[in-house]
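Take a look at the structure below.
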Amino acid sequence: MFLINLLVQSMVTSEITQISPSYTLPVVIAAIAIPLWFILPWLSGLLALFGIFLLLQAATLRLVFTNTALDIYRGDKVIRHFPYQEWKAWRIFYPSLPILFYFRETKSIHFLPMLFDLHELNACLHRYCDPDRLK
């Protein structure tokens with residue numbers, strides 16, 4: 001009986017994968033602001049603020065892949081839910097220097113800055129939203 005309950009539990013339990021944050025993009029943007037200070041201080045300030053904003057986003061947002069949807073969390077709260085059945089396409093722009101993650105749903109298009117580990121994100125996208133299945 002124990003074995004049957006364990007088997008049923010494992011079938012009901014959905015697999016969840018949380019993507020690790022990547023601070024590369026925010027740090028690079030903020031670092032570009034330093035030498036730019038000597039040329040255009042106002043632009044440097046804006047770029048530094050944008051880098052700090054992205055750094056805070058990387059520290060607080062989490063992408064969580066489940067069997068049925070991509071969920072975006074801030075802390076313990078789900079702030080967006082994107083079911084895979086509504087996805088039409090996805091792409092990571094400039095994989096050698098990742099900047100943006102794009103995905104298209106039936107009703108909308110989404111762009112996310114690359115604030116997540118590229119290899120984990122790519123593996124999860126291929127696992128849960130295989131590009132061949134979306135077409």
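The way I read the labels, and the way they are meant: chains A, B, ... in the order of the structure tokens, residue 1 as the first residue of every chain, and ligand 1 as the first ligand shown, with later ones counted on from there.
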Quiz item: Can you list, as a ChimeraX atom specification, every residue of chain A that DSSP puts in alpha helix (DSSP H)?
Solution: /A:2-12,24-36,41-60,118-128,131-134
Self-check item: Leu112 (chain A) surroundings by only C-alpha atoms, 7 Å radius, close-in-sequence under 6 positions cut, as a PyMOL selection string
Solution: chain A and resi 100-102
Can I get the selected residues back with C-alpha atoms, as a PDB file, in the first residue's frame?
ATOM      1  CA  LEU A 100      16.974  39.903 -24.045  1.00  0.00           C
ATOM      2  CA  PHE A 101      14.662  36.944 -23.681  1.00  0.00           C
ATOM      3  CA  TYR A 102      11.636  37.193 -25.980  1.00  0.00           C
TER       4      TYR A 102
END
Self-check item: Coordinates-based distance that separates CA of Thr24 (chain A) from CA of Leu97 (chain A) (Å, one decimal)
Solution: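 Atom-to-atom, CA of Leu97 (chain A) to CA of Thr24 (chain A), that is 10.1 Å.
Proximity to Ser44 (chain A) at 9 Å, evaluated using only C-alpha atoms and with sequence-adjacent residues fewer than 3 positions away removed, yields Ala30, Ile32, Ala33, Ile34, Pro35, Leu36, Trp37, Phe38, Ile39, Leu40, Pro41, Leu47, Ala48 and Leu49 of chain A.
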Would you save the residues of that selection, restricted to N, CA and C atoms, as a PDB file, in the first residue's frame?
ATOM      1  N   ALA A  30      25.929  49.169 -15.484  1.00  0.00           N
ATOM      2  CA  ALA A  30      26.406  50.128 -14.479  1.00  0.00           C
ATOM      3  C   ALA A  30      27.886  50.447 -14.690  1.00  0.00           C
ATOM      4  N   ILE A  32      29.529  50.497 -17.536  1.00  0.00           N
ATOM      5  CA  ILE A  32      29.660  51.369 -18.710  1.00  0.00           C
ATOM      6  C   ILE A  32      29.434  52.826 -18.312  1.00  0.00           C
ATOM      7  N   ALA A  33      28.629  53.048 -17.286  1.00  0.00           N
ATOM      8  CA  ALA A  33      28.333  54.412 -16.835  1.00  0.00           C
ATOM      9  C   ALA A  33      29.565  55.115 -16.269  1.00  0.00           C
ATOM     10  N   ILE A  34      30.522  54.370 -15.745  1.00  0.00           N
ATOM     11  CA  ILE A  34      31.694  54.995 -15.108  1.00  0.00           C
ATOM     12  C   ILE A  34      32.544  55.787 -16.102  1.00  0.00           C
ATOM     13  N   PRO A  35      33.055  55.183 -17.197  1.00  0.00           N
ATOM     14  CA  PRO A  35      33.845  56.003 -18.123  1.00  0.00           C
ATOM     15  C   PRO A  35      33.000  57.028 -18.881  1.00  0.00           C
ATOM     16  N   LEU A  36      31.704  56.730 -19.021  1.00  0.00           N
ATOM     17  CA  LEU A  36      30.821  57.664 -19.711  1.00  0.00           C
ATOM     18  C   LEU A  36      30.633  58.959 -18.909  1.00  0.00           C
ATOM     19  N   TRP A  37      30.899  58.911 -17.614  1.00  0.00           N
ATOM     20  CA  TRP A  37      30.768  60.082 -16.735  1.00  0.00           C
ATOM     21  C   TRP A  37      31.622  61.254 -17.222  1.00  0.00           C
ATOM     22  N   PHE A  38      32.790  60.941 -17.788  1.00  0.00           N
ATOM     23  CA  PHE A  38      33.711  61.993 -18.235  1.00  0.00           C
ATOM     24  C   PHE A  38      33.287  62.620 -19.563  1.00  0.00           C
ATOM     25  N   ILE A  39      32.401  61.956 -20.295  1.00  0.00           N
ATOM     26  CA  ILE A  39      31.951  62.460 -21.593  1.00  0.00           C
ATOM     27  C   ILE A  39      30.567  63.099 -21.479  1.00  0.00           C
ATOM     28  N   LEU A  40      29.604  62.341 -20.960  1.00  0.00           N
ATOM     29  CA  LEU A  40      28.223  62.810 -20.804  1.00  0.00           C
ATOM     30  C   LEU A  40      27.715  62.432 -19.412  1.00  0.00           C
ATOM     31  N   PRO A  41      27.937  63.302 -18.431  1.00  0.00           N
ATOM     32  CA  PRO A  41      27.549  62.950 -17.056  1.00  0.00           C
ATOM     33  C   PRO A  41      26.056  62.632 -16.890  1.00  0.00           C
ATOM     34  N   LEU A  47      22.231  55.849 -17.091  1.00  0.00           N
ATOM     35  CA  LEU A  47      22.675  54.470 -17.300  1.00  0.00           C
ATOM     36  C   LEU A  47      22.958  53.770 -15.974  1.00  0.00           C
ATOM     37  N   ALA A  48      23.566  54.493 -15.038  1.00  0.00           N
ATOM     38  CA  ALA A  48      23.844  53.925 -13.717  1.00  0.00           C
ATOM     39  C   ALA A  48      22.539  53.597 -12.984  1.00  0.00           C
ATOM     40  N   LEU A  49      21.562  54.495 -13.069  1.00  0.00           N
ATOM     41  CA  LEU A  49      20.262  54.232 -12.440  1.00  0.00           C
ATOM     42  C   LEU A  49      19.565  53.025 -13.065  1.00  0.00           C
TER      43      LEU A  49
END
Quiz item: Which neighbours of Phe65 (chain A) fall inside 10 Å, counting only C-alpha atoms, when residues of the same chain fewer than 6 positions from it are skipped, and could you give them as a list in words?
Solution: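 Counting only C-alpha atoms, the residues come to Glu15, Ile16, Thr17, Gln18, Ile19, Asp71, Ile72, Phe82, Pro83, Tyr84, Leu121, Cys124, Leu125, Arg127, Tyr128 and Cys129 of chain A.
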Quiz item: Between CA of Phe116 (chain A) and CA of Gly51 (chain A), what is the spacing in Å?
Solution: 14.9 Å
Exercise. State, in Å with one decimal place, the distance from CA of Ile52 (chain A) to CA of Glu105 (chain A).
Key: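 Interatomic distance here is 29.4 Å.
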Quiz item: Restricting the calculation to only C-alpha atoms, which member of A:Leu43, A:Ala59, A:Met114, A:Ile109 is positioned closest to Ala89 (chain A)?
Solution: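 Smallest separation from Ala89 (chain A) among the options: A:Ile109.
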Quiz item: Could you pull the residues within 9 Å of Leu54 (chain A), counting only C-alpha atoms, minus those fewer than 2 positions along the same chain, as a PyMOL selection string?
Solution: chain A and resi 23+25-27+29+49-52+56-59+113+115
Quiz prompt | Backbone DSSP call of strand (DSSP E) for chain A, listed as a PyMOL selection string | solution = chain A and resi 17-18+61-65+69-74+77-83+87-93+100-105+109-113
Exercise. Point out the residue among A:Asn122, A:Gln85, A:Ser96, A:Ser20 with the least atom-to-atom distance to Val64 (chain A), counting only C-alpha atoms.
Key: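 Closest candidate: A:Ser20.
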Self-check item: Proximity to Thr106 (chain A) - best of A:Glu120, A:Asp76, A:Glu86, A:Asp130, only C-alpha atoms
Solution: A:Glu86
Practice problem: Give me the residues within 10 Å of Tyr73 (chain A) as a list in words, counting only C-alpha atoms and dropping any in the same chain fewer than 3 places off. | Solution: Gln18, Thr60, Leu61, Arg62, Leu63, Val64, Leu70, Asp76, Lys77, Val78, Ile79, Arg80 and His81 of chain A
